[in-house]
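Here is structure.cif, consisting of mmCIF, C-alpha atoms:
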data_entry
#
loop_
_atom_site.label_atom_id
_atom_site.label_comp_id
_atom_site.auth_asym_id
_atom_site.auth_seq_id
_atom_site.Cartn_x
_atom_site.Cartn_y
_atom_site.Cartn_z
CA MET A 186 101.48 112.83 119.76
CA THR A 187 99.43 115.57 118.14
CA LEU A 188 96.51 114.76 115.87
CA GLU A 189 96.12 117.22 113.01
CA ILE A 190 93.43 117.59 110.38
CA ASP A 191 94.45 118.80 106.92
CA TRP A 192 91.39 120.92 106.14
CA THR A 193 92.34 121.15 102.47
CA ARG A 194 91.84 117.38 102.24
CA CYS A 195 89.06 116.67 104.79
CA ASP A 196 85.73 116.00 103.13
CA GLY A 197 83.70 115.13 106.21
CA HIS A 198 83.47 111.40 105.49
CA GLY A 199 83.16 110.73 109.23
CA LEU A 200 85.19 107.55 109.58
CA CYS A 201 87.49 109.12 112.20
CA ALA A 202 84.50 110.00 114.42
CA ALA A 203 83.10 106.47 113.97
CA LEU A 204 86.43 104.98 115.12
CA LEU A 205 87.18 107.50 117.90
CA PRO A 206 83.75 108.53 119.22
CA ASP A 207 85.22 109.75 122.54
CA ARG A 208 87.77 112.06 120.93
CA ILE A 209 86.10 113.24 117.72
CA SER A 210 82.53 114.39 117.08
CA ARG A 211 81.01 115.84 113.90
CA ASP A 212 79.56 119.25 113.22
CA GLU A 213 76.26 119.72 111.42
CA TRP A 214 78.00 119.38 108.03
CA GLY A 215 79.68 116.15 109.09
CA PHE A 216 83.13 117.68 109.56
CA PRO A 217 85.22 116.50 112.54
CA VAL A 218 85.55 118.44 115.78
CA LEU A 219 88.52 117.34 117.88
CA HIS A 220 88.18 117.23 121.65
CA GLY A 221 91.80 118.21 122.28
CA THR A 222 94.66 117.40 119.92
CA LYS A 223 97.19 115.91 122.34
CA LEU A 224 96.68 112.17 122.17
CA PRO A 225 98.46 109.07 123.40
CA PRO A 226 99.92 107.16 120.41
CA ASP A 227 97.54 104.24 120.92
CA THR A 228 96.26 101.76 118.37
CA ALA A 229 92.79 103.29 118.11
CA VAL A 230 94.22 106.68 117.11
CA ARG A 231 96.56 105.13 114.52
CA ARG A 232 93.64 103.10 113.17
CA ALA A 233 91.59 106.27 112.65
CA VAL A 234 94.51 108.01 110.89
CA ALA A 235 94.91 105.01 108.55
CA ALA A 236 91.15 104.81 107.90
CA CYS A 237 90.61 108.39 106.66
CA PRO A 238 89.40 108.09 103.04
CA ALA A 239 90.81 111.55 102.20
CA LEU A 240 94.17 110.97 103.98
CA ALA A 241 93.42 114.15 105.89
CA LEU A 242 94.57 113.02 109.35
CA ARG A 243 98.14 112.94 110.57
CA LEU A 244 99.91 112.20 113.80
CA THR A 245 102.99 114.26 114.58
CA ARG A 246 105.47 113.93 117.41
CA THR A 247 105.36 116.92 119.72
CA MET B 98 100.18 66.21 89.59
CA THR B 99 98.82 67.36 92.95
CA ILE B 100 101.29 70.27 92.98
CA TRP B 101 100.16 71.35 89.52
CA MET B 102 96.49 71.22 90.56
CA ILE B 103 97.20 73.32 93.67
CA ALA B 104 99.10 75.81 91.47
CA ARG B 105 96.08 76.19 89.18
CA GLY B 106 93.53 76.32 91.98
CA ALA B 107 95.61 78.86 93.93
CA GLY B 108 95.94 81.05 90.83
CA LEU B 109 92.19 81.14 90.31
CA SER B 110 91.52 81.64 94.05
CA ALA B 111 94.03 84.50 94.17
CA LEU B 112 92.26 86.13 91.21
CA ILE B 113 88.87 85.84 92.95
CA LEU B 114 90.21 87.27 96.24
CA LEU B 115 92.09 90.11 94.55
CA THR B 116 89.01 90.89 92.44
CA ALA B 117 87.03 91.17 95.67
CA ALA B 118 89.76 93.42 97.12
CA THR B 119 89.70 95.62 93.99
CA CYS B 120 85.89 95.95 94.11
CA LEU B 121 85.87 96.72 97.84
CA GLY B 122 88.64 99.27 97.28
CA ALA B 123 86.59 101.06 94.62
CA LEU B 124 83.50 101.01 96.85
CA VAL B 125 85.20 102.31 100.03
CA SER B 126 87.04 105.16 98.35
CA GLY B 127 83.81 106.95 97.45
CA ARG B 128 80.50 107.51 99.19
CA THR B 129 78.82 104.42 97.76
CA ALA B 130 78.07 103.45 101.36
CA THR B 131 77.02 106.48 103.37
CA ARG B 132 77.17 105.28 106.98
CA PRO B 133 80.70 105.70 108.41
CA ASP B 134 80.48 102.38 110.33
CA THR B 135 79.60 100.52 107.12
CA ARG B 136 82.53 102.18 105.39
CA VAL B 137 84.91 101.16 108.18
CA LEU B 138 83.72 97.55 107.78
CA LEU B 139 84.10 97.71 103.99
CA GLN B 140 87.61 99.08 104.44
CA TYR B 141 88.55 96.20 106.73
CA ALA B 142 87.02 93.70 104.28
CA HIS B 143 89.18 95.34 101.56
CA ARG B 144 92.31 94.78 103.67
CA VAL B 145 91.40 91.19 104.59
CA THR B 146 90.64 90.11 101.00
CA ALA B 147 93.79 91.83 99.72
CA SER B 148 95.99 90.15 102.37
CA LEU B 149 94.42 86.73 101.77
CA GLY B 150 94.72 87.25 98.01
CA LEU B 151 98.45 87.99 98.32
CA ALA B 152 98.95 84.95 100.57
CA VAL B 153 97.20 82.68 98.05
CA LEU B 154 99.22 84.36 95.27
CA GLY B 155 102.35 83.34 97.21
CA LEU B 156 101.04 79.75 97.25
CA HIS B 157 100.37 79.95 93.49
CA LEU B 158 103.98 81.09 92.86
CA THR B 159 105.48 78.50 95.23
CA MET B 160 103.57 75.64 93.60
CA ILE B 161 104.49 76.79 90.07
CA LEU B 162 108.16 76.81 91.11
CA ALA B 163 107.84 73.46 92.89
CA ASP B 164 106.40 71.79 89.79
CA SER B 165 109.27 70.55 87.66
CA PHE B 166 107.02 70.08 84.62
CA ALA B 167 105.82 73.69 84.55
CA HIS B 168 109.04 75.00 82.89
CA VAL B 169 108.68 78.43 84.44
CA GLY B 170 111.54 78.37 86.96
CA TRP B 171 112.87 81.08 89.29
CA MET B 172 114.09 83.28 86.45
CA GLY B 173 110.89 82.85 84.45
CA ALA B 174 108.77 83.80 87.46
CA LEU B 175 110.88 86.69 88.78
CA ILE B 176 111.96 88.33 85.50
CA PRO B 177 108.97 89.09 83.26
CA PHE B 178 108.89 87.56 79.77
CA THR B 179 111.72 85.05 80.34
CA SER B 180 109.52 82.04 81.07
CA GLY B 181 109.92 79.17 78.62
CA TYR B 182 106.23 78.38 79.12
CA ARG B 183 103.92 81.04 77.59
CA GLY B 184 106.52 83.77 78.25
CA LEU B 185 104.37 86.80 77.45
CA TRP B 186 101.35 85.79 79.54
CA VAL B 187 103.39 84.46 82.47
CA GLY B 188 105.34 87.75 82.33
CA LEU B 189 102.12 89.74 82.73
CA GLY B 190 101.41 87.66 85.84
CA SER B 191 104.83 88.56 87.30
CA ILE B 192 104.25 92.28 86.66
CA ALA B 193 100.78 92.01 88.22
CA ALA B 194 102.26 90.33 91.31
CA TYR B 195 104.96 93.01 91.74
CA THR B 196 102.39 95.76 91.32
CA PHE B 197 99.97 94.18 93.81
CA LEU B 198 102.85 93.89 96.30
CA LEU B 199 103.75 97.58 95.90
CA VAL B 200 100.09 98.59 96.19
CA ALA B 201 99.72 96.47 99.36
CA VAL B 202 102.86 97.91 100.96
CA ILE B 203 101.77 101.52 100.48
CA GLY B 204 98.25 100.54 101.55
CA PHE B 205 99.71 99.13 104.77
CA ALA B 206 101.85 102.25 105.31
CA ARG B 207 98.90 104.58 104.61
CA GLY B 208 98.60 106.00 108.14
CA ARG B 209 102.33 106.70 108.44
CA LEU B 210 102.56 108.29 104.97
CA THR B 211 100.10 111.07 105.84
CA GLY B 212 102.96 112.69 107.78
CA SER B 213 104.47 113.70 104.42
CA ALA B 214 102.55 116.08 102.15
CA ARG B 215 104.19 114.72 99.00
CA ALA B 216 103.51 111.09 99.89
CA THR B 217 99.89 111.98 100.68
CA ALA B 218 99.45 113.70 97.31
CA ALA B 219 100.91 110.73 95.42
CA TRP B 220 99.25 108.00 97.48
CA ARG B 221 95.99 107.67 95.56
CA ALA B 222 97.66 107.51 92.14
CA VAL B 223 100.14 104.85 93.28
CA HIS B 224 97.49 102.78 95.10
CA GLY B 225 95.31 103.04 91.99
CA ALA B 226 97.92 100.97 90.13
CA GLY B 227 96.02 98.07 91.72
CA TYR B 228 93.40 98.39 88.95
CA GLY B 229 96.14 97.90 86.36
CA ALA B 230 97.54 94.93 88.27
CA TRP B 231 94.06 93.39 88.38
CA ALA B 232 93.65 93.78 84.59
CA LEU B 233 97.07 92.18 84.00
CA ALA B 234 96.18 89.33 86.37
CA MET B 235 92.97 88.71 84.39
CA LEU B 236 94.88 88.58 81.08
CA HIS B 237 97.56 86.38 82.65
CA GLY B 238 94.97 83.93 83.93
CA LEU B 239 92.92 83.84 80.75
CA ARG B 240 95.86 83.39 78.40
CA SER B 241 98.25 81.19 80.39
CA GLY B 242 95.74 79.36 82.60
CA THR B 243 95.34 75.66 81.84
CA ASP B 244 91.66 75.83 82.83
CA SER B 245 90.65 78.89 80.83
CA GLY B 246 88.74 76.70 78.38
CA VAL B 247 86.51 75.16 81.08
CA ALA B 248 83.00 76.60 81.09
CA TRP B 249 82.63 77.29 84.83
CA VAL B 250 86.08 78.84 84.94
CA ARG B 251 85.06 81.18 82.14
CA TRP B 252 81.98 82.15 84.16
CA ILE B 253 84.29 83.05 87.06
CA TYR B 254 86.36 85.33 84.78
CA LEU B 255 83.19 86.96 83.48
CA ALA B 256 81.89 87.46 87.05
CA CYS B 257 85.22 89.04 88.05
CA LEU B 258 85.06 91.42 85.08
CA VAL B 259 81.45 92.41 85.78
CA ALA B 260 82.18 92.90 89.50
CA VAL B 261 85.09 95.29 88.94
CA ILE B 262 83.38 97.25 86.15
CA GLY B 263 80.23 97.51 88.30
CA SER B 264 82.16 98.72 91.37
CA VAL B 265 84.15 101.30 89.42
CA ALA B 266 80.94 102.50 87.73
CA ALA B 267 79.18 102.78 91.11
CA ARG B 268 82.10 104.83 92.42
CA ALA B 269 82.05 107.11 89.36
CA VAL B 270 78.26 107.65 89.55
CA VAL B 271 78.41 108.57 93.24
CA ALA B 272 81.38 110.89 92.70
CA ALA B 273 79.54 112.69 89.87
CA SER B 274 76.22 113.06 91.69
CA PRO B 275 75.49 116.53 93.10
CA GLY B 276 74.70 117.32 96.72
CA ARG B 277 77.08 114.81 98.21
CA PHE B 278 76.94 116.60 101.55
CA ARG B 279 73.42 115.29 101.94
CA ALA B 280 75.28 112.10 102.78
CA VAL B 281 75.77 113.34 106.32
CA ASP B 282 72.04 113.43 107.13
CA GLY B 283 72.56 110.65 109.66
CA VAL B 284 74.54 112.92 111.99
CA ALA B 285 72.77 113.78 115.24
CA ARG B 286 72.03 117.51 115.41
#
If you took the structure in this file and wrote it as structure tokens, what would it be?
Amino acid sequence: MTLEIDWTRCDGHGLCAALLPDRISRDEWGFPVLHGTKLPPDTAVRRAVAACPALALRLTRT
Amino acid sequence: MTIWMIARGAGLSALILLTAATCLGALVSGRTATRPDTRVLLQYAHRVTASLGLAVLGLHLTMILADSFAHVGWMGALIPFTSGYRGLWVGLGSIAAYTFLLVAVIGFARGRLTGSARATAAWRAVHGAGYGAWALAMLHGLRSGTDSGVAWVRWIYLACLVAVIGSVAARAVVAASPGRFRAVDGVAR
């Protein structure tokens, strides 16, 4: 699975980084920085996608 | 008589839980809480109160149908405005229940829906129908509820109204305030 950020929607709320601290950190403006986009489709990743207040995260099959 | 009392109690309990869910929904959607961890917790509280509220709403419906004296019946409950007992106000309750169900289903499917750009664009508007459902549920309870004349029940309705108006106002104030990116001050540099 590939994790993608829709930058037109992302507002740097930071919930994804709070839920996936090992995979996502935040830049100085609070926007997410992904540590690699290829992810296992595990529960934690799905949880972060569902938690995004701006609906800016999506998982795609690749 | 017991069935009828459970029906009334479940209706009021469902209203309280779904009011809590509506307030938490308004609070999590904006930056009313700034810490991401707090917002994750608020979001989970929103889901828990909404799920519990729908479960208790199911109990309310079941007990109304089980009570032979209520004169609502399957048709009266499922098809709005056909109830023999207070048709208009029971009908508003049915519409509120359908809307809450739709809002809950798309809330549950939230993560999967982000795969589609169109679904993502429409999501907020559709989920926002929950506010309308809450208002209909309030009217339904006030006008068809047997206990709406009881003083402490009226205080509960007033508290529900104040809670939702307060939460929506808090959301609006935060959304309108400038410099929202100051909200990320807690990030380690």
Point-to-point distance in Å for atom CA of A:Ala236 and atom CA of B:Arg128: 14.0 Å
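If you look at atom CA of B:Ala218 and atom CA of B:Ala234, they are 26.9 Å away from each other.
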Residue contacts of stretch 220-228 of chain A (10 Å, all atoms listed in the file) excluding same-chain residues fewer than 2 positions away, as JSON, numbers by chain: {"A": [186, 187, 188, 189, 190, 207, 208, 209, 210, 217, 218, 230, 231, 232, 233, 234, 244, 245, 246, 247]}
Reference answer for the PyMOL selection byres ((chain B and resi 120) around 10), as a PyMOL selection string: chain B and resi 114-119+121-125+143+228+257+260-265+268
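Atom pair atom CA of B:Ile100 / atom CA of B:Asp244: separated by 15.1 Å.
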Within 10 Å of B:Trp220 using only C-alpha atoms, minus same-chain residues under 5 positions, as an MDAnalysis selection string: (chainID A and resid 240) or (chainID B and resid 200 203:204 207 210:211 214:215 225)
Among listed residues B:Thr129, B:Ser165, B:Thr99, B:Thr159, nearest chain A (using only C-alpha atoms): B:Thr129
At most 9 Å to chain B: residues in chain A, all atoms listed in the file, as a PyMOL selection string: chain A and resi 196-204+211-215+231-245
Next, write the just-selected residues to a file, as a PDB file, keeping the file's coordinate frame, keeping C-alpha atoms as the atom set.
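After the write, part15.pdb holds the following:
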ATOM      1  CA  ASP A 196      85.730 116.000 103.130  1.00  0.00           C
ATOM      2  CA  GLY A 197      83.700 115.130 106.210  1.00  0.00           C
ATOM      3  CA  HIS A 198      83.470 111.400 105.490  1.00  0.00           C
ATOM      4  CA  GLY A 199      83.160 110.730 109.230  1.00  0.00           C
ATOM      5  CA  LEU A 200      85.190 107.550 109.580  1.00  0.00           C
ATOM      6  CA  CYS A 201      87.490 109.120 112.200  1.00  0.00           C
ATOM      7  CA  ALA A 202      84.500 110.000 114.420  1.00  0.00           C
ATOM      8  CA  ALA A 203      83.100 106.470 113.970  1.00  0.00           C
ATOM      9  CA  LEU A 204      86.430 104.980 115.120  1.00  0.00           C
ATOM     10  CA  ARG A 211      81.010 115.840 113.900  1.00  0.00           C
ATOM     11  CA  ASP A 212      79.560 119.250 113.220  1.00  0.00           C
ATOM     12  CA  GLU A 213      76.260 119.720 111.420  1.00  0.00           C
ATOM     13  CA  TRP A 214      78.000 119.380 108.030  1.00  0.00           C
ATOM     14  CA  GLY A 215      79.680 116.150 109.090  1.00  0.00           C
ATOM     15  CA  ARG A 231      96.560 105.130 114.520  1.00  0.00           C
ATOM     16  CA  ARG A 232      93.640 103.100 113.170  1.00  0.00           C
ATOM     17  CA  ALA A 233      91.590 106.270 112.650  1.00  0.00           C
ATOM     18  CA  VAL A 234      94.510 108.010 110.890  1.00  0.00           C
ATOM     19  CA  ALA A 235      94.910 105.010 108.550  1.00  0.00           C
ATOM     20  CA  ALA A 236      91.150 104.810 107.900  1.00  0.00           C
ATOM     21  CA  CYS A 237      90.610 108.390 106.660  1.00  0.00           C
ATOM     22  CA  PRO A 238      89.400 108.090 103.040  1.00  0.00           C
ATOM     23  CA  ALA A 239      90.810 111.550 102.200  1.00  0.00           C
ATOM     24  CA  LEU A 240      94.170 110.970 103.980  1.00  0.00           C
ATOM     25  CA  ALA A 241      93.420 114.150 105.890  1.00  0.00           C
ATOM     26  CA  LEU A 242      94.570 113.020 109.350  1.00  0.00           C
ATOM     27  CA  ARG A 243      98.140 112.940 110.570  1.00  0.00           C
ATOM     28  CA  LEU A 244      99.910 112.200 113.800  1.00  0.00           C
ATOM     29  CA  THR A 245     102.990 114.260 114.580  1.00  0.00           C
TER      30      THR A 245
END
For B:Gly108: contacts at 10 Å, only C-alpha atoms, fewer than 6 positions along chain excluded, given as a PyMOL selection string: chain B and resi 102+150+153-158+160-161+190+234+237-238+242
Test item: residues at most 8 Å from stretch 168-182 of chain B, all atoms listed in the file, excluding those fewer than 4 positions along its chain, as a VMD selection string: chain B and resid 158 161 to 162 186 to 189 191 to 192
